[in-house]
Amino acid sequence: MSNTIPSQSAYKGKTEYLKVSRPRPCVPYIGYDYLDLTDDELKQRCPLIRFTQVTDVKQLEEYLIEFFAFNYHIDANLLTRESSLVDDVERHVWAQELDMPFEEVTYGRIGCGKDDDGNVVGGISDRGLVMFMFFQFDLESLFGIRTVKEPRKANLVVNPEEDPGSLLDCETIADLAAFMFAYGERYRQLHHADNDLVGQ
């Protein structure tokens, strides 16, 4: 499991200790030709951004559209800041995977069993599965941010009153951009304050 930004309610009310480093490219979810690329070639193709240096949230929105277009092989013109991460971005992914029109994509259930009569029971919906995987396995690399257990290893500390909310509450591209922008602002504030202290 990834050590990316906490997304569970169990973290609510607790101080977050995070380590911000350089972003790393992600092998795209769709586009298997990229598996043969070297690290340097992948770096040239995968869009990257230093989110802590972004001072306009619109730049993060545009970046996420560019990244999702690359990662999921989606026409960027089909995405906007208001695009739903699940009902738009993820649905385009399934449309490609299942080779069907976007409008015809429906969701099923995974992890099901059968009762004594042979009826399918239990399981969970596969709606949101692609985005969950992105949050858990790609977000840490893409933005270069992860949680750390030891406070001394953190270069970003977020107190409970500064918490921008839950990652899982991000419904649109704009929501995710605003979420990451809040962490970037906190990072800049923290390190600006440190620099001020050094100059005194």
# chains A, B, ... in the order shown; residues from 1 in each chain; ligands from 1

$ residues_around --residues "Arg81 (chain A)" --least-positions-apart "6" --cutoff "10 Å" --atoms "only C-alpha atoms" --output "number ranges by chain"
A: 58, 60-62, 64-65, 172-177

$ write_last_selection --atoms "C-alpha atoms" --output "compact mmCIF listing (two decimals), in the first residue's frame"
# COMPACT_ATOMS: atom_id res chain seq x y z
CA LYS A 58 -5.67 26.85 -12.78
CA LEU A 60 -2.74 22.51 -11.65
CA GLU A 61 -6.12 21.98 -13.33
CA GLU A 62 -4.51 22.23 -16.76
CA LEU A 64 -4.11 17.24 -14.41
CA ILE A 65 -6.03 17.33 -17.69
CA THR A 172 -13.74 16.54 -10.10
CA ILE A 173 -10.44 17.52 -11.66
CA ALA A 174 -10.91 20.98 -10.13
CA ASP A 175 -11.43 19.41 -6.68
CA LEU A 176 -8.19 17.43 -6.93
CA ALA A 177 -6.30 20.48 -8.18

$ residues_around --residues "Ala69 (chain A)" --least-positions-apart "3" --cutoff "12 Å" --atoms "only C-alpha atoms" --output "list in words"
Pro28, Tyr29, Ile30, Gly31, Arg45, Cys46, Pro47, Glu62, Tyr63, Leu64, Ile65, Glu66, Tyr72, His73, Ile74, Asp75, Ala76, Asn77, Leu78, Leu79, Thr80, Asp88, Val89, Glu90, His92 and Val93 of chain A

$ write_last_selection --atoms "N, CA, C and O atoms" --output "CSV table (one decimal), in the first residue's frame"
chain,number,residue,atom,x,y,z
A,28,PRO,N,2.0,4.8,-17.9
A,28,PRO,CA,0.6,5.0,-18.2
A,28,PRO,C,-0.2,3.8,-18.0
A,28,PRO,O,0.2,2.6,-18.3
A,29,TYR,N,-1.4,4.0,-17.5
A,29,TYR,CA,-2.4,2.9,-17.3
A,29,TYR,C,-2.8,2.2,-18.6
A,29,TYR,O,-3.0,1.0,-18.7
A,30,ILE,N,-3.0,3.1,-19.6
A,30,ILE,CA,-3.3,2.6,-21.0
A,30,ILE,C,-2.2,3.1,-21.9
A,30,ILE,O,-1.8,4.3,-21.9
A,31,GLY,N,-1.7,2.2,-22.8
A,31,GLY,CA,-0.7,2.6,-23.7
A,31,GLY,C,0.5,1.7,-23.4
A,31,GLY,O,1.6,2.2,-23.0
A,45,ARG,N,8.1,12.0,-21.7
A,45,ARG,CA,6.8,11.8,-22.2
A,45,ARG,C,5.7,12.1,-21.1
A,45,ARG,O,4.6,12.6,-21.4
A,46,CYS,N,6.0,11.7,-19.9
A,46,CYS,CA,5.0,11.8,-18.8
A,46,CYS,C,5.0,13.2,-18.3
A,46,CYS,O,6.1,13.7,-17.9
A,47,PRO,N,3.9,13.9,-18.4
A,47,PRO,CA,3.9,15.3,-17.8
A,47,PRO,C,4.2,15.3,-16.3
A,47,PRO,O,3.7,14.5,-15.6
A,62,GLU,N,-5.0,22.5,-15.4
A,62,GLU,CA,-4.5,22.2,-16.8
A,62,GLU,C,-3.5,21.1,-16.8
A,62,GLU,O,-3.5,20.2,-17.7
A,63,TYR,N,-2.7,21.0,-15.7
A,63,TYR,CA,-1.7,19.9,-15.7
A,63,TYR,C,-2.4,18.6,-15.5
A,63,TYR,O,-2.1,17.6,-16.2
A,64,LEU,N,-3.4,18.5,-14.6
A,64,LEU,CA,-4.1,17.2,-14.4
A,64,LEU,C,-4.8,16.8,-15.7
A,64,LEU,O,-4.9,15.6,-16.0
A,65,ILE,N,-5.4,17.7,-16.4
A,65,ILE,CA,-6.0,17.3,-17.7
A,65,ILE,C,-5.0,16.7,-18.6
A,65,ILE,O,-5.2,15.7,-19.2
A,66,GLU,N,-3.8,17.4,-18.7
A,66,GLU,CA,-2.7,16.9,-19.6
A,66,GLU,C,-2.3,15.5,-19.1
A,66,GLU,O,-2.1,14.6,-19.9
A,72,TYR,N,-4.3,7.9,-19.4
A,72,TYR,CA,-5.4,7.0,-19.8
A,72,TYR,C,-5.7,7.1,-21.3
A,72,TYR,O,-6.7,6.5,-21.8
A,73,HIS,N,-4.8,7.7,-22.1
A,73,HIS,CA,-4.9,7.8,-23.5
A,73,HIS,C,-6.3,8.4,-23.9
A,73,HIS,O,-7.0,7.8,-24.7
A,74,ILE,N,-6.6,9.5,-23.3
A,74,ILE,CA,-7.9,10.2,-23.5
A,74,ILE,C,-7.6,11.5,-24.3
A,74,ILE,O,-6.6,12.2,-24.0
A,75,ASP,N,-8.5,11.8,-25.2
A,75,ASP,CA,-8.4,13.1,-25.9
A,75,ASP,C,-8.6,14.2,-24.9
A,75,ASP,O,-9.6,14.3,-24.2
A,76,ALA,N,-7.5,15.1,-24.7
A,76,ALA,CA,-7.6,16.1,-23.7
A,76,ALA,C,-8.8,17.1,-23.9
A,76,ALA,O,-9.3,17.7,-23.0
A,77,ASN,N,-9.3,17.1,-25.1
A,77,ASN,CA,-10.4,18.0,-25.4
A,77,ASN,C,-11.7,17.5,-24.8
A,77,ASN,O,-12.7,18.2,-24.8
A,78,LEU,N,-11.7,16.2,-24.4
A,78,LEU,CA,-12.9,15.7,-23.8
A,78,LEU,C,-13.0,16.0,-22.3
A,78,LEU,O,-14.0,15.7,-21.6
A,79,LEU,N,-11.9,16.6,-21.7
A,79,LEU,CA,-11.8,16.8,-20.3
A,79,LEU,C,-11.8,18.3,-20.0
A,79,LEU,O,-11.2,19.1,-20.8
A,80,THR,N,-12.4,18.7,-18.9
A,80,THR,CA,-12.4,20.1,-18.4
A,80,THR,C,-12.2,20.0,-16.9
A,80,THR,O,-12.2,19.0,-16.3
A,88,ASP,N,-16.5,10.7,-15.6
A,88,ASP,CA,-15.9,11.1,-16.9
A,88,ASP,C,-14.6,10.4,-17.2
A,88,ASP,O,-14.5,9.6,-18.1
A,89,VAL,N,-13.5,10.8,-16.4
A,89,VAL,CA,-12.2,10.2,-16.6
A,89,VAL,C,-12.2,8.7,-16.6
A,89,VAL,O,-11.8,8.0,-17.5
A,90,GLU,N,-12.7,8.1,-15.5
A,90,GLU,CA,-12.7,6.7,-15.4
A,90,GLU,C,-13.6,6.0,-16.4
A,90,GLU,O,-13.2,4.9,-17.0
A,92,HIS,N,-14.1,7.0,-19.4
A,92,HIS,CA,-13.4,6.9,-20.7
A,92,HIS,C,-12.4,5.7,-20.7
A,92,HIS,O,-12.2,5.1,-21.7
A,93,VAL,N,-11.8,5.5,-19.5
A,93,VAL,CA,-10.9,4.3,-19.4
A,93,VAL,C,-11.7,3.0,-19.7
A,93,VAL,O,-11.2,2.2,-20.5

$ residues_around --residues "Leu42 (chain A)" --least-positions-apart "4" --cutoff "12 Å" --atoms "only C-alpha atoms" --output "number ranges by chain"
A: 24-28, 33-38, 46-48, 70-71

$ write_last_selection --atoms "all heavy atoms" --output "compact mmCIF listing (two decimals), in the first residue's frame"
# COMPACT_ATOMS: atom_id res chain seq x y z
N ARG A 24 8.04 11.90 -9.87
CA ARG A 24 8.58 10.86 -10.73
C ARG A 24 7.51 10.46 -11.75
O ARG A 24 6.33 10.43 -11.43
CB ARG A 24 8.99 9.63 -9.90
CG ARG A 24 10.02 9.92 -8.84
CD ARG A 24 10.54 8.65 -8.17
NE ARG A 24 9.48 7.82 -7.63
CZ ARG A 24 8.93 8.01 -6.43
NH1 ARG A 24 9.34 9.01 -5.65
NH2 ARG A 24 7.99 7.21 -5.99
N PRO A 25 7.91 10.15 -12.96
CA PRO A 25 6.93 9.80 -14.00
C PRO A 25 6.23 8.48 -13.70
O PRO A 25 6.79 7.60 -13.04
CB PRO A 25 7.77 9.71 -15.27
CG PRO A 25 9.15 9.37 -14.79
CD PRO A 25 9.30 10.09 -13.47
N CYS A 26 5.02 8.37 -14.19
CA CYS A 26 4.24 7.15 -14.02
C CYS A 26 4.12 6.42 -15.35
O CYS A 26 3.93 7.05 -16.40
CB CYS A 26 2.83 7.48 -13.53
SG CYS A 26 2.76 8.34 -11.95
N VAL A 27 4.25 5.11 -15.32
CA VAL A 27 3.96 4.31 -16.51
C VAL A 27 2.46 4.40 -16.75
O VAL A 27 1.67 4.15 -15.82
CB VAL A 27 4.39 2.85 -16.32
CG1 VAL A 27 3.97 2.01 -17.52
CG2 VAL A 27 5.88 2.75 -16.09
N PRO A 28 2.03 4.79 -17.94
CA PRO A 28 0.60 5.01 -18.17
C PRO A 28 -0.23 3.75 -17.98
O PRO A 28 0.20 2.63 -18.26
CB PRO A 28 0.54 5.51 -19.61
CG PRO A 28 1.80 5.03 -20.23
CD PRO A 28 2.83 5.03 -19.15
N ASP A 33 2.77 0.34 -25.10
CA ASP A 33 4.05 0.55 -25.78
C ASP A 33 5.05 1.24 -24.87
O ASP A 33 6.26 1.13 -25.04
CB ASP A 33 3.86 1.40 -27.05
CG ASP A 33 3.11 0.65 -28.13
OD1 ASP A 33 3.02 -0.59 -28.02
OD2 ASP A 33 2.61 1.29 -29.07
N TYR A 34 4.53 1.98 -23.87
CA TYR A 34 5.40 2.73 -22.97
C TYR A 34 6.18 1.81 -22.03
O TYR A 34 7.14 2.24 -21.40
CB TYR A 34 4.59 3.72 -22.14
CG TYR A 34 4.08 4.90 -22.93
CD1 TYR A 34 2.75 4.97 -23.33
CD2 TYR A 34 4.92 5.95 -23.29
CE1 TYR A 34 2.28 6.05 -24.06
CE2 TYR A 34 4.46 7.03 -24.02
CZ TYR A 34 3.13 7.08 -24.40
OH TYR A 34 2.66 8.14 -25.11
N LEU A 35 5.76 0.56 -21.93
CA LEU A 35 6.45 -0.35 -21.01
C LEU A 35 7.88 -0.61 -21.46
O LEU A 35 8.72 -1.02 -20.67
CB LEU A 35 5.68 -1.67 -20.92
CG LEU A 35 4.30 -1.59 -20.25
CD1 LEU A 35 3.62 -2.95 -20.31
CD2 LEU A 35 4.43 -1.14 -18.80
N ASP A 36 8.15 -0.39 -22.75
CA ASP A 36 9.49 -0.65 -23.27
C ASP A 36 10.38 0.58 -23.21
O ASP A 36 11.55 0.53 -23.62
CB ASP A 36 9.40 -1.12 -24.73
CG ASP A 36 8.68 -2.47 -24.85
OD1 ASP A 36 8.83 -3.27 -23.91
OD2 ASP A 36 8.00 -2.70 -25.85
N LEU A 37 9.86 1.71 -22.71
CA LEU A 37 10.64 2.93 -22.66
C LEU A 37 11.65 2.89 -21.52
O LEU A 37 11.41 2.29 -20.48
CB LEU A 37 9.73 4.15 -22.47
CG LEU A 37 8.76 4.48 -23.60
CD1 LEU A 37 7.92 5.69 -23.20
CD2 LEU A 37 9.50 4.77 -24.89
N THR A 38 12.78 3.56 -21.74
CA THR A 38 13.73 3.72 -20.65
C THR A 38 13.20 4.78 -19.69
O THR A 38 12.24 5.50 -20.00
CB THR A 38 15.09 4.17 -21.18
OG1 THR A 38 14.95 5.48 -21.76
CG2 THR A 38 15.61 3.21 -22.24
N CYS A 46 6.01 11.66 -19.93
CA CYS A 46 5.03 11.81 -18.84
C CYS A 46 5.04 13.24 -18.32
O CYS A 46 6.07 13.74 -17.87
CB CYS A 46 5.35 10.85 -17.70
SG CYS A 46 4.20 10.99 -16.30
N PRO A 47 3.90 13.93 -18.35
CA PRO A 47 3.85 15.31 -17.83
C PRO A 47 4.18 15.32 -16.34
O PRO A 47 3.65 14.50 -15.57
CB PRO A 47 2.39 15.72 -18.08
CG PRO A 47 1.89 14.78 -19.12
CD PRO A 47 2.61 13.49 -18.89
N LEU A 48 5.05 16.24 -15.93
CA LEU A 48 5.41 16.38 -14.52
C LEU A 48 5.32 17.84 -14.12
O LEU A 48 5.45 18.74 -14.95
CB LEU A 48 6.83 15.87 -14.28
CG LEU A 48 7.08 14.37 -14.45
CD1 LEU A 48 8.55 14.05 -14.30
CD2 LEU A 48 6.25 13.57 -13.43
N PHE A 70 -2.63 11.77 -20.98
CA PHE A 70 -1.47 10.91 -21.22
C PHE A 70 -1.66 9.54 -20.57
O PHE A 70 -1.50 8.50 -21.22
CB PHE A 70 -0.21 11.57 -20.65
CG PHE A 70 0.95 10.62 -20.44
CD1 PHE A 70 1.76 10.24 -21.50
CD2 PHE A 70 1.21 10.10 -19.18
CE1 PHE A 70 2.82 9.36 -21.31
CE2 PHE A 70 2.26 9.23 -18.98
CZ PHE A 70 3.07 8.85 -20.05
N ASN A 71 -2.00 9.54 -19.30
CA ASN A 71 -2.03 8.30 -18.52
C ASN A 71 -3.11 7.33 -19.00
O ASN A 71 -2.89 6.11 -18.99
CB ASN A 71 -2.26 8.63 -17.05
CG ASN A 71 -1.92 7.47 -16.14
OD1 ASN A 71 -0.83 6.90 -16.23
ND2 ASN A 71 -2.83 7.12 -15.26

$ select_by_dssp --residues "chain A" --states "strand (DSSP E or B)" --output "list in words"
Glu16, Tyr17, Leu18, Lys19, Val20, Ser84, Arg109, Ile110, Gly113, Lys114, Val120, Val121, Ile124, Ser125, Ile145, Arg146, Thr147, Leu156, Val157, Val158 and Thr172 of chain A

$ closest_residue --among "A:Val158, A:Glu140, A:Arg91, A:Gly184" --to "Glu104 (chain A)" --atoms "only C-alpha atoms"
A:Arg91

$ residues_around --residues "Lys14 (chain A)" --least-positions-apart "6" --cutoff "12 Å" --atoms "only C-alpha atoms" --output "PDB file with N, CA, C and O atoms, in the first residue's frame"
ATOM      1  N   PRO A   6      -2.788  10.868   3.380  1.00  0.00           N
ATOM      2  CA  PRO A   6      -3.857  10.120   4.034  1.00  0.00           C
ATOM      3  C   PRO A   6      -5.214  10.490   3.461  1.00  0.00           C
ATOM      4  O   PRO A   6      -5.510  11.652   3.220  1.00  0.00           O
ATOM      5  N   GLN A   8      -8.114   8.512   4.623  1.00  0.00           N
ATOM      6  CA  GLN A   8      -9.122   7.889   5.467  1.00  0.00           C
ATOM      7  C   GLN A   8      -9.502   8.795   6.635  1.00  0.00           C
ATOM      8  O   GLN A   8      -8.712   9.601   7.129  1.00  0.00           O
ATOM      9  N   VAL A 157       4.505  19.818   7.351  1.00  0.00           N
ATOM     10  CA  VAL A 157       3.680  19.452   8.503  1.00  0.00           C
ATOM     11  C   VAL A 157       2.341  20.161   8.368  1.00  0.00           C
ATOM     12  O   VAL A 157       2.286  21.372   8.181  1.00  0.00           O
ATOM     13  N   VAL A 158       1.274  19.392   8.436  1.00  0.00           N
ATOM     14  CA  VAL A 158      -0.072  19.953   8.309  1.00  0.00           C
ATOM     15  C   VAL A 158      -0.830  19.668   9.597  1.00  0.00           C
ATOM     16  O   VAL A 158      -1.106  18.515   9.929  1.00  0.00           O
ATOM     17  N   ASN A 159      -1.137  20.715  10.327  1.00  0.00           N
ATOM     18  CA  ASN A 159      -1.877  20.575  11.574  1.00  0.00           C
ATOM     19  C   ASN A 159      -3.363  20.351  11.285  1.00  0.00           C
ATOM     20  O   ASN A 159      -3.843  20.689  10.195  1.00  0.00           O
ATOM     21  N   PRO A 160      -4.096  19.805  12.251  1.00  0.00           N
ATOM     22  CA  PRO A 160      -5.512  19.490  12.017  1.00  0.00           C
ATOM     23  C   PRO A 160      -6.335  20.666  11.490  1.00  0.00           C
ATOM     24  O   PRO A 160      -7.167  20.494  10.598  1.00  0.00           O
ATOM     25  N   GLU A 161      -6.081  21.870  12.003  1.00  0.00           N
ATOM     26  CA  GLU A 161      -6.859  23.026  11.561  1.00  0.00           C
ATOM     27  C   GLU A 161      -6.486  23.482  10.149  1.00  0.00           C
ATOM     28  O   GLU A 161      -7.205  24.286   9.538  1.00  0.00           O
ATOM     29  N   GLU A 162      -5.386  22.937   9.604  1.00  0.00           N
ATOM     30  CA  GLU A 162      -4.950  23.292   8.252  1.00  0.00           C
ATOM     31  C   GLU A 162      -5.281  22.199   7.240  1.00  0.00           C
ATOM     32  O   GLU A 162      -5.016  22.345   6.045  1.00  0.00           O
ATOM     33  N   ASP A 163      -5.870  21.123   7.708  1.00  0.00           N
ATOM     34  CA  ASP A 163      -6.174  19.973   6.863  1.00  0.00           C
ATOM     35  C   ASP A 163      -7.127  20.376   5.733  1.00  0.00           C
ATOM     36  O   ASP A 163      -8.220  20.879   5.991  1.00  0.00           O
ATOM     37  N   GLY A 165      -8.887  18.562   3.906  1.00  0.00           N
ATOM     38  CA  GLY A 165      -9.988  17.621   3.738  1.00  0.00           C
ATOM     39  C   GLY A 165      -9.486  16.256   3.314  1.00  0.00           C
ATOM     40  O   GLY A 165      -8.306  15.940   3.402  1.00  0.00           O
TER      41      GLY A 165
END

$ select_by_dssp --residues "region 83-155 of chain A" --states "helix (DSSP H, G or I)" --output "ChimeraX atom specification"
/A:85-97,102-104,129-143,151-153

$ residues_around --residues "Ser21 (chain A)" --least-positions-apart "3" --cutoff "9 Å" --atoms "only C-alpha atoms" --output "compact mmCIF listing (two decimals) with C-alpha atoms, in the first residue's frame"
# COMPACT_ATOMS: atom_id res chain seq x y z
CA ARG A 50 6.45 20.73 -9.06
CA PHE A 143 3.38 14.80 -7.04
CA GLY A 144 6.38 13.60 -5.04
CA ILE A 145 4.52 13.58 -1.72
CA ARG A 146 4.14 10.86 0.89

$ closest_residue --among "A:Lys153, A:Asp56, A:Asp126, A:Val20" --to "Gly111 (chain A)" --atoms "only C-alpha atoms"
A:Asp126

$ atom_distance --atom1 "CA of His192 (chain A)" --atom2 "CA of Ala178 (chain A)"
20.6 Å

$ atom_distance --atom1 "CA of Arg152 (chain A)" --atom2 "CA of Phe134 (chain A)"
27.9 Å

$ closest_residue --among "A:Val148, A:Arg109, A:Val86, A:His191" --to "Leu168 (chain A)" --atoms "only C-alpha atoms"
A:Val86

$ atom_distance --atom1 "CA of Thr52 (chain A)" --atom2 "CA of Arg188 (chain A)"
6.6 Å
